[in-house]
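Read through the structure below, which is laid out as C-alpha cells, and then see the notes.
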Amino acid sequence: MTVKEMQTLVDSWIIKEGVRYFEPLTNMLQLTEEVGELARVMSRTYGEQSFKDGESRDIGDELADVLWVVTCLANQCGIDLEAALIANLEKKNGRDRKRHKNNVKLTGGK
C-alpha cells in the first residue's frame, strides 16, 4: 500500500464508519494518547517495567494506532504525506548525511 492509498483508505473509513473527523486539536490529543500507549508497551517490552494482566503487548498495533491518527491529521490538514515524506527525506539527506556518520556516539569513535 502506498502512503496515498493509506490516506484514501483512512478517509474512506472515516466517511463511512466514523461519521466525521474529530477536530484537529482532538486528534492531536488523541495522537499524544496513542504515543503514550506505544511508550507503555515499549517500556514493558524493552525496559524494566512488567506487564499487567490483560495489558496489550502488541507493538505493531500501537504503532498502527499512531499511524492512523497521524494520517487523520494529515487528511484534515490537506497534507499529502507521501510528498511531505519525500521532501523530509531530501532535507535529511542534505542536513544529516555526514552528521550521523561523524557522530562518535554512533560510530564508537571511528
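Ordered as shown in the C-alpha cells, chains take letters A, B, and onward, while each chain numbers its residues from 1 and ligands are numbered from 1 in the order shown.
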- Item | stretch 76-83 of chain A surroundings by only C-alpha atoms, 10 Å radius, close-in-sequence under 2 positions cut, as number ranges by chain | A: 2-7, 11, 21-24, 27, 70-74, 85-89
- Which neighbours of A:Val35 fall inside 12 Å, counting only C-alpha atoms, when residues of the same chain fewer than 6 positions from it are skipped, and could you give them as a PyMOL selection string? chain A and resi 28-29+41-43+59+61-70
Got time to write the residues from that selection, N, CA, C and O atoms, as an mmCIF file, in the first residue's frame?
data_model
loop_
_atom_site.group_PDB
_atom_site.id
_atom_site.type_symbol
_atom_site.label_atom_id
_atom_site.label_comp_id
_atom_site.auth_asym_id
_atom_site.auth_seq_id
_atom_site.Cartn_x
_atom_site.Cartn_y
_atom_site.Cartn_z
ATOM 1 N N MET A 28 -4.952 15.757 17.766
ATOM 2 C CA MET A 28 -3.603 15.957 18.304
ATOM 3 C C MET A 28 -3.506 15.356 19.698
ATOM 4 O O MET A 28 -2.520 14.684 20.040
ATOM 5 N N LEU A 29 -4.526 15.561 20.499
ATOM 6 C CA LEU A 29 -4.549 14.970 21.839
ATOM 7 C C LEU A 29 -4.657 13.453 21.757
ATOM 8 O O LEU A 29 -4.041 12.726 22.533
ATOM 9 N N VAL A 41 3.916 0.046 26.084
ATOM 10 C CA VAL A 41 4.276 -1.294 25.601
ATOM 11 C C VAL A 41 5.784 -1.406 25.401
ATOM 12 O O VAL A 41 6.389 -2.421 25.749
ATOM 13 N N MET A 42 6.410 -0.368 24.868
ATOM 14 C CA MET A 42 7.862 -0.383 24.683
ATOM 15 C C MET A 42 8.572 -0.479 26.032
ATOM 16 O O MET A 42 9.540 -1.232 26.177
ATOM 17 N N SER A 43 8.092 0.271 27.014
ATOM 18 C CA SER A 43 8.689 0.255 28.345
ATOM 19 C C SER A 43 8.609 -1.125 28.977
ATOM 20 O O SER A 43 9.552 -1.601 29.598
ATOM 21 N N ILE A 59 3.121 -4.252 19.915
ATOM 22 C CA ILE A 59 3.787 -3.026 19.457
ATOM 23 C C ILE A 59 3.268 -2.617 18.079
ATOM 24 O O ILE A 59 3.037 -1.434 17.826
ATOM 25 N N ASP A 61 0.324 -3.070 16.746
ATOM 26 C CA ASP A 61 -0.999 -2.458 16.861
ATOM 27 C C ASP A 61 -0.894 -1.032 17.391
ATOM 28 O O ASP A 61 -1.586 -0.130 16.901
ATOM 29 N N GLU A 62 -0.016 -0.828 18.348
ATOM 30 C CA GLU A 62 0.146 0.524 18.903
ATOM 31 C C GLU A 62 0.769 1.461 17.865
ATOM 32 O O GLU A 62 0.370 2.620 17.752
ATOM 33 N N LEU A 63 1.734 0.964 17.096
ATOM 34 C CA LEU A 63 2.307 1.783 16.018
ATOM 35 C C LEU A 63 1.246 2.113 14.969
ATOM 36 O O LEU A 63 1.200 3.236 14.452
ATOM 37 N N ALA A 64 0.391 1.143 14.660
ATOM 38 C CA ALA A 64 -0.677 1.377 13.688
ATOM 39 C C ALA A 64 -1.657 2.427 14.197
ATOM 40 O O ALA A 64 -2.155 3.250 13.415
ATOM 41 N N ASP A 65 -1.938 2.423 15.505
ATOM 42 C CA ASP A 65 -2.812 3.461 16.071
ATOM 43 C C ASP A 65 -2.196 4.843 15.893
ATOM 44 O O ASP A 65 -2.880 5.803 15.529
ATOM 45 N N VAL A 66 -0.889 4.951 16.129
ATOM 46 C CA VAL A 66 -0.194 6.228 15.938
ATOM 47 C C VAL A 66 -0.273 6.644 14.471
ATOM 48 O O VAL A 66 -0.599 7.792 14.151
ATOM 49 N N LEU A 67 0.007 5.706 13.580
ATOM 50 C CA LEU A 67 -0.037 5.990 12.143
ATOM 51 C C LEU A 67 -1.437 6.416 11.710
ATOM 52 O O LEU A 67 -1.598 7.324 10.883
ATOM 53 N N TRP A 68 -2.451 5.780 12.260
ATOM 54 C CA TRP A 68 -3.840 6.117 11.937
ATOM 55 C C TRP A 68 -4.129 7.577 12.267
ATOM 56 O O TRP A 68 -4.657 8.324 11.444
ATOM 57 N N VAL A 69 -3.770 7.994 13.475
ATOM 58 C CA VAL A 69 -4.081 9.360 13.891
ATOM 59 C C VAL A 69 -3.240 10.371 13.113
ATOM 60 O O VAL A 69 -3.731 11.432 12.726
ATOM 61 N N VAL A 70 -1.980 10.038 12.846
ATOM 62 C CA VAL A 70 -1.150 10.917 12.011
ATOM 63 C C VAL A 70 -1.793 11.078 10.630
ATOM 64 O O VAL A 70 -1.852 12.186 10.083
#
- List every residue of stretch 27-102 of chain A that DSSP, applied to the backbone of this structure, assigns to alpha helix (DSSP H), and report them as an MDAnalysis selection string. chainID A and resid 27:46 59:77 81:96
- Here atom CA of A:Tyr46 and atom CA of A:Glu33 stand apart by 19.8 Å
